[in-house]
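Asker: So that we are looking at the same thing, I have put the structure below in C-alpha cells.
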Amino acid sequence: VVLAVIGLPLRGQAHIAKRLRHYLDFFHGAHTSLFNLNDFVDAENPDEALLESLRSHFEAEGTNCKRHAILYTTNSLNAAPLQWSGHSKSRRRWMNNVLEKELGAELHLIELQVNDDLAHNFMYMAQHIFAQKFDTPEALQSHINLYKQRFVTIQEDGTEDYLAYIKVINYNSKVVTCNMMQTFLGSRVARFL
C-alpha cells in the first residue's frame, strides 16, 4: 500500500507522515518507508525516479513483514510539478493507475484540510522553518494562495469514489472517508487519524 499525504502548504503533511510511519511499524509490524517528494524534484525525470525508488522498496528482500510507503512533501509548491503531488484529479488518477499497473500496489490518499482562520494553524505556520524564508506573514500567505490556485481537493461528488481516501478537516473536527474501511490497513489508518 502507498499512502499519499496531500494538502495545502503548512498543514502538517510531514508530521502526519512521520507519526503514521511509527504507528504502522510499531503497532502493525509493517516496514514503512517515507518518500519526500522534494527529494526527487531535481532528478532528470523526477516521476520516474520516485517510481523506481518505490519499486526498490517493495522488491527489497530481508524482511518477512508487509511493506508500505508514505509519500509526503515538505514544500508543496516546489513539488507541484510532479505527477506524484496528487494536487489535481488527473494526477490522483495517474498515481492510482501507475501504482496498480507498475507495482500492483494500492493507493490510499490522506488529505489534510485546515482553515486559515484557526488560531492554532496561524501559530503553527508562523513557527514552521519553511515560513522563516518569508519576510512577512503576508508574503507567506501569498505563497500559499499561489498553490491554492493549483490545488483541487478530493471531490466528494462521486467522480473520485474509485479512490480510497480520508479527509482530515481542522485537526479531526471532521473526518470524511471513502473506501478506507474496506481493508485492514485502511481502517487502521482511519482509526489512527
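Every chain in the C-alpha cells takes a letter, A first, then B, and so on in the order presented; its residues are numbered from 1, and the ligands are numbered from 1 following the presented order.
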Please identify all polymer residues within 9 Å of A:Gly86, counting only C-alpha atoms, omitting same-chain residues fewer than 5 positions from it, and present them as a PyMOL selection string.

Answerer: chain A and resi 4-7+80+91-95+109+151-152

Asker: Store the residues of this selection in a file with C-alpha atoms, as a compact mmCIF listing (two decimals), in the first residue's frame.

Answerer:
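Result file follows (selection.txt):
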# COMPACT_ATOMS: atom_id res chain seq x y z
CA ALA A 4 -0.04 9.78 -0.05
CA VAL A 5 -0.44 12.71 2.33
CA ILE A 6 -1.65 15.76 0.40
CA GLY A 7 -2.94 19.24 1.15
CA ALA A 80 3.73 20.71 -7.52
CA ARG A 91 -2.71 13.44 -11.04
CA ARG A 92 -4.50 11.31 -8.46
CA ARG A 93 -5.91 9.15 -11.27
CA TRP A 94 -2.41 8.88 -12.76
CA MET A 95 -0.93 7.88 -9.38
CA LEU A 109 -4.89 9.24 -0.03
CA PHE A 151 -4.76 22.52 -5.76
CA VAL A 152 -8.02 20.62 -6.25

Asker: Fewer than 3 positions away in the same chain doesn't count, so skip those; otherwise give me all residues within 9 Å of stretch 159-162 of chain A, counting only C-alpha atoms, as a list in words.

Answerer: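 The residues satisfying every condition are Lys89, Arg92, Arg93, Ile154, Gln155, Glu156, Tyr165, Cys178 and Asn179 of chain A.
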
Asker: Print the selection's residues with N, CA and C atoms to a file, as an mmCIF file, in the first residue's frame.

Answerer:
data_model
loop_
_atom_site.group_PDB
_atom_site.id
_atom_site.type_symbol
_atom_site.label_atom_id
_atom_site.label_comp_id
_atom_site.auth_asym_id
_atom_site.auth_seq_id
_atom_site.Cartn_x
_atom_site.Cartn_y
_atom_site.Cartn_z
ATOM 1 N N LYS A 89 -7.244 16.136 -9.809
ATOM 2 C CA LYS A 89 -7.934 14.872 -10.083
ATOM 3 C C LYS A 89 -7.146 14.023 -11.066
ATOM 4 N N ARG A 92 -4.113 12.412 -9.356
ATOM 5 C CA ARG A 92 -4.500 11.314 -8.457
ATOM 6 C C ARG A 92 -4.884 10.073 -9.266
ATOM 7 N N ARG A 93 -5.568 10.282 -10.391
ATOM 8 C CA ARG A 93 -5.906 9.154 -11.272
ATOM 9 C C ARG A 93 -4.634 8.528 -11.824
ATOM 10 N N ILE A 154 -9.916 16.604 -2.968
ATOM 11 C CA ILE A 154 -10.551 15.356 -3.401
ATOM 12 C C ILE A 154 -12.049 15.594 -3.498
ATOM 13 N N GLN A 155 -12.615 15.250 -4.629
ATOM 14 C CA GLN A 155 -14.014 15.537 -4.910
ATOM 15 C C GLN A 155 -14.931 14.506 -4.252
ATOM 16 N N GLU A 156 -15.969 14.986 -3.612
ATOM 17 C CA GLU A 156 -16.946 14.122 -2.967
ATOM 18 C C GLU A 156 -18.223 14.032 -3.798
ATOM 19 N N TYR A 165 -9.710 7.097 0.194
ATOM 20 C CA TYR A 165 -9.182 8.331 0.762
ATOM 21 C C TYR A 165 -9.823 8.641 2.097
ATOM 22 N N CYS A 178 -13.676 7.384 2.314
ATOM 23 C CA CYS A 178 -14.260 6.707 1.159
ATOM 24 C C CYS A 178 -13.386 5.495 0.857
ATOM 25 N N ASN A 179 -13.958 4.330 0.934
ATOM 26 C CA ASN A 179 -13.284 3.061 0.631
ATOM 27 C C ASN A 179 -12.099 2.748 1.551
#

Asker: Extract the full set of helix (DSSP H, G or I) residues from stretch 44-93 of chain A according to DSSP on the backbone, and format it as number ranges by chain.

Answerer: A: 46-59, 76-79, 83-85, 89-93

Asker: Env of A:Leu103: 8 Å cut, atoms = only C-alpha atoms, seq-sep filter 4 positions within chain, self excluded. Answer as a PyMOL selection string.

Answerer: chain A and resi 55+58+98-99

Asker: For atom CA of A:Asn78 and atom CA of A:Glu48, determine how far apart the two atoms are, in Å to one decimal place.

Answerer: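 Between atom CA of A:Asn78 and atom CA of A:Glu48 the gap is 17.2 Å.
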
Asker: I'd like the neighbourhood of stretch 10-12 of chain A as an MDAnalysis selection string, where a residue qualifies if any of its atoms comes within 7 Å (using only C-alpha atoms), though same-chain residues fewer than 4 positions away should be ignored.

Answerer: chainID A and resid 16 112:114 125

Asker: Store the residues picked out above, limited to all heavy atoms, as a PDB file, in the first residue's frame.

Answerer:
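Output below, filename selection-v6.pdb:
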ATOM      1  N   ILE A  16       2.302  14.326  10.009  1.00  0.00           N
ATOM      2  CA  ILE A  16       1.372  13.187   9.947  1.00  0.00           C
ATOM      3  C   ILE A  16       2.059  11.978   9.313  1.00  0.00           C
ATOM      4  O   ILE A  16       1.902  10.846   9.786  1.00  0.00           O
ATOM      5  CB  ILE A  16       0.097  13.563   9.167  1.00  0.00           C
ATOM      6  CG1 ILE A  16      -0.735  14.569   9.974  1.00  0.00           C
ATOM      7  CG2 ILE A  16      -0.729  12.339   8.802  1.00  0.00           C
ATOM      8  CD1 ILE A  16      -1.299  14.038  11.277  1.00  0.00           C
ATOM      9  N   LEU A 112      -5.186  16.616   4.164  1.00  0.00           N
ATOM     10  CA  LEU A 112      -5.274  17.431   5.372  1.00  0.00           C
ATOM     11  C   LEU A 112      -5.811  18.802   4.988  1.00  0.00           C
ATOM     12  O   LEU A 112      -5.240  19.482   4.148  1.00  0.00           O
ATOM     13  CB  LEU A 112      -3.900  17.575   6.018  1.00  0.00           C
ATOM     14  CG  LEU A 112      -3.195  16.263   6.370  1.00  0.00           C
ATOM     15  CD1 LEU A 112      -1.820  16.540   6.948  1.00  0.00           C
ATOM     16  CD2 LEU A 112      -4.029  15.432   7.321  1.00  0.00           C
ATOM     17  N   GLN A 113      -6.922  19.184   5.606  1.00  0.00           N
ATOM     18  CA  GLN A 113      -7.531  20.486   5.363  1.00  0.00           C
ATOM     19  C   GLN A 113      -7.604  21.236   6.681  1.00  0.00           C
ATOM     20  O   GLN A 113      -8.093  20.694   7.675  1.00  0.00           O
ATOM     21  CB  GLN A 113      -8.947  20.340   4.800  1.00  0.00           C
ATOM     22  CG  GLN A 113      -9.024  19.714   3.445  1.00  0.00           C
ATOM     23  CD  GLN A 113     -10.466  19.609   2.956  1.00  0.00           C
ATOM     24  OE1 GLN A 113     -11.408  19.929   3.663  1.00  0.00           O
ATOM     25  NE2 GLN A 113     -10.623  19.164   1.733  1.00  0.00           N
ATOM     26  N   VAL A 114      -7.115  22.460   6.668  1.00  0.00           N
ATOM     27  CA  VAL A 114      -7.162  23.305   7.861  1.00  0.00           C
ATOM     28  C   VAL A 114      -7.568  24.702   7.420  1.00  0.00           C
ATOM     29  O   VAL A 114      -6.968  25.263   6.499  1.00  0.00           O
ATOM     30  CB  VAL A 114      -5.793  23.365   8.574  1.00  0.00           C
ATOM     31  CG1 VAL A 114      -5.882  24.215   9.836  1.00  0.00           C
ATOM     32  CG2 VAL A 114      -5.300  21.969   8.914  1.00  0.00           C
ATOM     33  N   MET A 125       1.998  27.852  11.532  1.00  0.00           N
ATOM     34  CA  MET A 125       2.597  28.368  10.311  1.00  0.00           C
ATOM     35  C   MET A 125       3.701  29.380  10.616  1.00  0.00           C
ATOM     36  O   MET A 125       4.747  29.379   9.975  1.00  0.00           O
ATOM     37  CB  MET A 125       1.522  29.006   9.426  1.00  0.00           C
ATOM     38  CG  MET A 125       0.592  27.981   8.800  1.00  0.00           C
ATOM     39  SD  MET A 125      -0.825  28.693   7.959  1.00  0.00           S
ATOM     40  CE  MET A 125      -0.063  29.705   6.735  1.00  0.00           C
TER      41      MET A 125
END
